[in-house]
Every structure is written in C-alpha cells, then in structure tokens.
Amino acid sequence: MLELFNPEEASNVSASVSSQHVKAGFPSPAEDYTTLKLDLNKELIKNPASTFYARVSGLSMIDAGIDDGDLLVIDKSLEPHDGCLAVCYIDGEFTLKRFERHDGYGMLIPANSSFKPIKVTADNDFLVWGVVTYVIKRV
C-alpha cells in the first residue's frame, strides 16, 4: 500500500548545503565551508505537474534498500523501462516493484525473497502509474 501526496508547488523546500564536496575521509581544517541554499523541489522534481510523493508501506523492496516509511518521488510523465523501479496499479491496488517486460506479459519483481514475483497478463487491470526517480529515507 502506498500513501500518495502532491508536492506543494508554492512551497519552498530548501536546506543549507556546503559549497564544498563532502569527503568520506578526514576533513581538512583549512577548508572554508560556505553555506548555500539548495531548493529540494528544484533538485528532486523535474516535471512538477506529473510528480507525486508516496510513503512506502511494507517490506517487499527491502533488499533494494527501500524500507517501510521511506518517501518516494514518482514521475508519471516518464516512460517505464525494463528494470525500472515503478509504482504500478494492478487489480485495484498500488504496489512498488521492479518492472520487467517479457513477450506477451510483464513481471513485477519484489526485492525480498519472502515475496513472489507477480505475472501481469491481459487479464489483469494493470497500469505502470509512475516511475520512481528518488527514494528519501531516514538514516
């Protein structure tokens, strides 16, 4: 199950960011760190009219690093491609899976061995609702 949200177009979602690259080694005490403003809406949303947020509910994608409660940025204007992470509507429910195209059918692939792949045929009410462009998570 996914909880969907529209981003507030007028909102200013920004954070301070260092003008220097963040290094994973030892920091240099001589570097001067100047802060700049980073607008997260401009950074994460390329197509505002077709972009939505959704909160993940469930564990079917944990081996892909997507946990219960993570926030997805979903762009409905992007064409789904083989292997993309997609929010799909199937038989009355939304689900998050990897999408694969096969001759005559599709497959929705979970990233947790406790869940089985879902074969999508012409008998299903199916739509790739949107392609996930970012995953925002608490660490």
# chains A, B, ... in the order shown; residues from 1 in each chain; ligands from 1

call {"tool": "residues_around", "arguments": {"residues": "Lys76 (chain A)", "least_positions_apart": "6", "cutoff": "7 Å", "atoms": "only C-alpha atoms", "output": "PyMOL selection string"}}
result
chain A and resi 50-51+129-131

call {"tool": "closest_residue", "arguments": {"among": "A:Asp63, A:Asp75, A:Glu93, A:Glu100", "to": "Pro48 (chain A)", "atoms": "only C-alpha atoms"}}
result
A:Asp75

call {"tool": "residues_around", "arguments": {"residues": "Phe126 (chain A)", "least_positions_apart": "3", "cutoff": "12 Å", "atoms": "only C-alpha atoms", "output": "mmCIF file with C-alpha atoms, in the first residue's frame"}}
result
data_model
loop_
_atom_site.group_PDB
_atom_site.id
_atom_site.type_symbol
_atom_site.label_atom_id
_atom_site.label_comp_id
_atom_site.auth_asym_id
_atom_site.auth_seq_id
_atom_site.Cartn_x
_atom_site.Cartn_y
_atom_site.Cartn_z
ATOM 1 C CA VAL A 87 4.623 2.285 -8.825
ATOM 2 C CA CYS A 88 2.094 0.031 -10.521
ATOM 3 C CA TYR A 89 -1.659 -0.232 -10.268
ATOM 4 C CA ILE A 90 -2.786 -3.850 -10.535
ATOM 5 C CA ASP A 91 -6.276 -5.186 -9.945
ATOM 6 C CA GLY A 92 -7.349 -2.318 -7.694
ATOM 7 C CA GLU A 93 -4.149 -1.858 -5.653
ATOM 8 C CA PHE A 94 -0.927 0.112 -5.893
ATOM 9 C CA THR A 95 2.379 -1.690 -5.467
ATOM 10 C CA PHE A 99 9.045 -3.721 -13.757
ATOM 11 C CA TYR A 105 3.328 -10.328 -20.327
ATOM 12 C CA GLY A 106 5.030 -8.227 -17.684
ATOM 13 C CA MET A 107 6.595 -9.128 -14.362
ATOM 14 C CA LEU A 108 6.594 -7.160 -11.132
ATOM 15 C CA ILE A 118 3.668 -11.035 -9.944
ATOM 16 C CA LYS A 119 2.986 -12.051 -13.551
ATOM 17 C CA VAL A 120 0.934 -9.404 -15.352
ATOM 18 C CA THR A 121 -1.204 -10.567 -18.277
ATOM 19 C CA ALA A 122 -4.025 -9.104 -20.371
ATOM 20 C CA ASP A 123 -6.437 -10.491 -17.751
ATOM 21 C CA TRP A 129 1.348 4.536 -12.709
#

call {"tool": "residues_around", "arguments": {"residues": "region 66-68 of chain A", "least_positions_apart": "6", "cutoff": "6 Å", "atoms": "only C-alpha atoms", "output": "number ranges by chain"}}
result
A: 56-59

call {"tool": "write_last_selection", "arguments": {"atoms": "C-alpha atoms", "output": "PDB file, in the first residue's frame"}}
result
ATOM      1  CA  VAL A  56       6.124   3.175   1.353  1.00  0.00           C
ATOM      2  CA  SER A  57       4.164   0.715   3.441  1.00  0.00           C
ATOM      3  CA  GLY A  58       5.528  -2.815   3.549  1.00  0.00           C
ATOM      4  CA  LEU A  59       8.732  -4.791   3.188  1.00  0.00           C
TER       5      LEU A  59
END

call {"tool": "residues_around", "arguments": {"residues": "Pro7 (chain A)", "least_positions_apart": "5", "cutoff": "10 Å", "atoms": "only C-alpha atoms", "output": "list in words"}}
result
Val13, Asn41, Ile45, Pro48, Ala49, Ser50, Thr51, Phe52, Tyr53 and Val73 of chain A

call {"tool": "write_last_selection", "arguments": {"atoms": "N, CA and C atoms", "output": "PDB file, in the first residue's frame"}}
result
ATOM      1  N   VAL A  13      10.977  24.247  -0.288  1.00  0.00           N
ATOM      2  CA  VAL A  13      11.632  23.201   0.480  1.00  0.00           C
ATOM      3  C   VAL A  13      13.125  23.359   0.238  1.00  0.00           C
ATOM      4  N   ASN A  41      12.813  21.084  -4.053  1.00  0.00           N
ATOM      5  CA  ASN A  41      11.830  20.925  -5.124  1.00  0.00           C
ATOM      6  C   ASN A  41      12.507  21.015  -6.497  1.00  0.00           C
ATOM      7  N   ILE A  45      12.399  17.469  -8.373  1.00  0.00           N
ATOM      8  CA  ILE A  45      11.206  17.447  -9.218  1.00  0.00           C
ATOM      9  C   ILE A  45      11.499  18.115 -10.552  1.00  0.00           C
ATOM     10  N   PRO A  48       6.937  19.128 -12.427  1.00  0.00           N
ATOM     11  CA  PRO A  48       6.052  19.357 -11.276  1.00  0.00           C
ATOM     12  C   PRO A  48       4.605  18.902 -11.478  1.00  0.00           C
ATOM     13  N   ALA A  49       4.052  19.088 -12.653  1.00  0.00           N
ATOM     14  CA  ALA A  49       2.647  18.742 -12.871  1.00  0.00           C
ATOM     15  C   ALA A  49       2.405  17.234 -12.817  1.00  0.00           C
ATOM     16  N   SER A  50       3.445  16.440 -13.005  1.00  0.00           N
ATOM     17  CA  SER A  50       3.259  14.989 -13.046  1.00  0.00           C
ATOM     18  C   SER A  50       4.047  14.257 -11.956  1.00  0.00           C
ATOM     19  N   THR A  51       4.502  15.001 -10.948  1.00  0.00           N
ATOM     20  CA  THR A  51       5.304  14.397  -9.889  1.00  0.00           C
ATOM     21  C   THR A  51       4.501  14.306  -8.594  1.00  0.00           C
ATOM     22  N   PHE A  52       4.653  13.177  -7.936  1.00  0.00           N
ATOM     23  CA  PHE A  52       3.973  12.905  -6.671  1.00  0.00           C
ATOM     24  C   PHE A  52       4.964  12.305  -5.693  1.00  0.00           C
ATOM     25  N   TYR A  53       4.634  12.418  -4.416  1.00  0.00           N
ATOM     26  CA  TYR A  53       5.349  11.717  -3.373  1.00  0.00           C
ATOM     27  C   TYR A  53       4.479  10.562  -2.907  1.00  0.00           C
ATOM     28  N   VAL A  73       9.784   9.689  -4.665  1.00  0.00           N
ATOM     29  CA  VAL A  73       9.452  10.743  -5.608  1.00  0.00           C
ATOM     30  C   VAL A  73       9.134  10.017  -6.910  1.00  0.00           C
TER      31      VAL A  73
END

call {"tool": "atom_distance", "arguments": {"atom1": "CA of Leu40 (chain A)", "atom2": "CA of Leu127 (chain A)"}}
result
28.5 Å

call {"tool": "closest_residue", "arguments": {"among": "A:Ala111, A:Leu96, A:Val139, A:Val132", "to": "Ile62 (chain A)", "atoms": "only C-alpha atoms"}}
result
A:Ala111

call {"tool": "closest_residue", "arguments": {"among": "A:Ile136, A:Lys116, A:Ile109, A:Asp70", "to": "Cys84 (chain A)", "atoms": "only C-alpha atoms"}}
result
A:Ile109

call {"tool": "atom_distance", "arguments": {"atom1": "CA of Ala64 (chain A)", "atom2": "CA of Asn6 (chain A)"}}
result
24.6 Å

call {"tool": "atom_distance", "arguments": {"atom1": "CA of Arg138 (chain A)", "atom2": "CA of Ala54 (chain A)"}}
result
14.6 Å

call {"tool": "select_by_dssp", "arguments": {"residues": "region 29-78 of chain A", "states": "helix (DSSP H, G or I)", "output": "NGL selection string"}}
result
:A and (40-44 or 48-50 or 62-64)

call {"tool": "write_last_selection", "arguments": {"atoms": "N, CA and C atoms", "output": "PDB file, in the first residue's frame"}}
result
ATOM      1  N   LEU A  40      15.107  21.846  -2.647  1.00  0.00           N
ATOM      2  CA  LEU A  40      14.863  20.424  -2.873  1.00  0.00           C
ATOM      3  C   LEU A  40      13.795  20.187  -3.933  1.00  0.00           C
ATOM      4  N   ASN A  41      12.813  21.084  -4.053  1.00  0.00           N
ATOM      5  CA  ASN A  41      11.830  20.925  -5.124  1.00  0.00           C
ATOM      6  C   ASN A  41      12.507  21.015  -6.497  1.00  0.00           C
ATOM      7  N   LYS A  42      13.394  21.964  -6.666  1.00  0.00           N
ATOM      8  CA  LYS A  42      14.092  22.099  -7.951  1.00  0.00           C
ATOM      9  C   LYS A  42      15.048  20.934  -8.194  1.00  0.00           C
ATOM     10  N   GLU A  43      15.628  20.423  -7.142  1.00  0.00           N
ATOM     11  CA  GLU A  43      16.578  19.315  -7.263  1.00  0.00           C
ATOM     12  C   GLU A  43      15.895  17.985  -7.559  1.00  0.00           C
ATOM     13  N   LEU A  44      14.765  17.726  -6.908  1.00  0.00           N
ATOM     14  CA  LEU A  44      14.123  16.419  -6.989  1.00  0.00           C
ATOM     15  C   LEU A  44      12.974  16.337  -7.987  1.00  0.00           C
ATOM     16  N   PRO A  48       6.937  19.128 -12.427  1.00  0.00           N
ATOM     17  CA  PRO A  48       6.052  19.357 -11.276  1.00  0.00           C
ATOM     18  C   PRO A  48       4.605  18.902 -11.478  1.00  0.00           C
ATOM     19  N   ALA A  49       4.052  19.088 -12.653  1.00  0.00           N
ATOM     20  CA  ALA A  49       2.647  18.742 -12.871  1.00  0.00           C
ATOM     21  C   ALA A  49       2.405  17.234 -12.817  1.00  0.00           C
ATOM     22  N   SER A  50       3.445  16.440 -13.005  1.00  0.00           N
ATOM     23  CA  SER A  50       3.259  14.989 -13.046  1.00  0.00           C
ATOM     24  C   SER A  50       4.047  14.257 -11.956  1.00  0.00           C
ATOM     25  N   ILE A  62      12.831  -4.358   0.533  1.00  0.00           N
ATOM     26  CA  ILE A  62      13.916  -4.062   1.486  1.00  0.00           C
ATOM     27  C   ILE A  62      15.300  -4.414   0.959  1.00  0.00           C
ATOM     28  N   ASP A  63      15.407  -5.433   0.110  1.00  0.00           N
ATOM     29  CA  ASP A  63      16.728  -5.792  -0.426  1.00  0.00           C
ATOM     30  C   ASP A  63      17.205  -4.809  -1.495  1.00  0.00           C
ATOM     31  N   ALA A  64      16.325  -3.894  -1.902  1.00  0.00           N
ATOM     32  CA  ALA A  64      16.715  -2.801  -2.799  1.00  0.00           C
ATOM     33  C   ALA A  64      16.988  -1.534  -1.985  1.00  0.00           C
TER      34      ALA A  64
END

call {"tool": "select_by_dssp", "arguments": {"residues": "region 44-124 of chain A", "states": "strand (DSSP E or B)", "output": "ChimeraX atom specification"}}
result
/A:51-56,71-75,85-90,93-102,105-109,118-120

call {"tool": "closest_residue", "arguments": {"among": "A:Met61, A:Leu72, A:Val135, A:Leu38", "to": "Ser114 (chain A)", "atoms": "only C-alpha atoms"}}
result
A:Met61

call {"tool": "closest_residue", "arguments": {"among": "A:His81, A:Lys37, A:Arg55, A:Lys97", "to": "Pro110 (chain A)", "atoms": "only C-alpha atoms"}}
result
A:Lys97

call {"tool": "closest_residue", "arguments": {"among": "A:Thr35, A:Asn112, A:Asn47, A:Ser77", "to": "Gly65 (chain A)", "atoms": "only C-alpha atoms"}}
result
A:Asn112
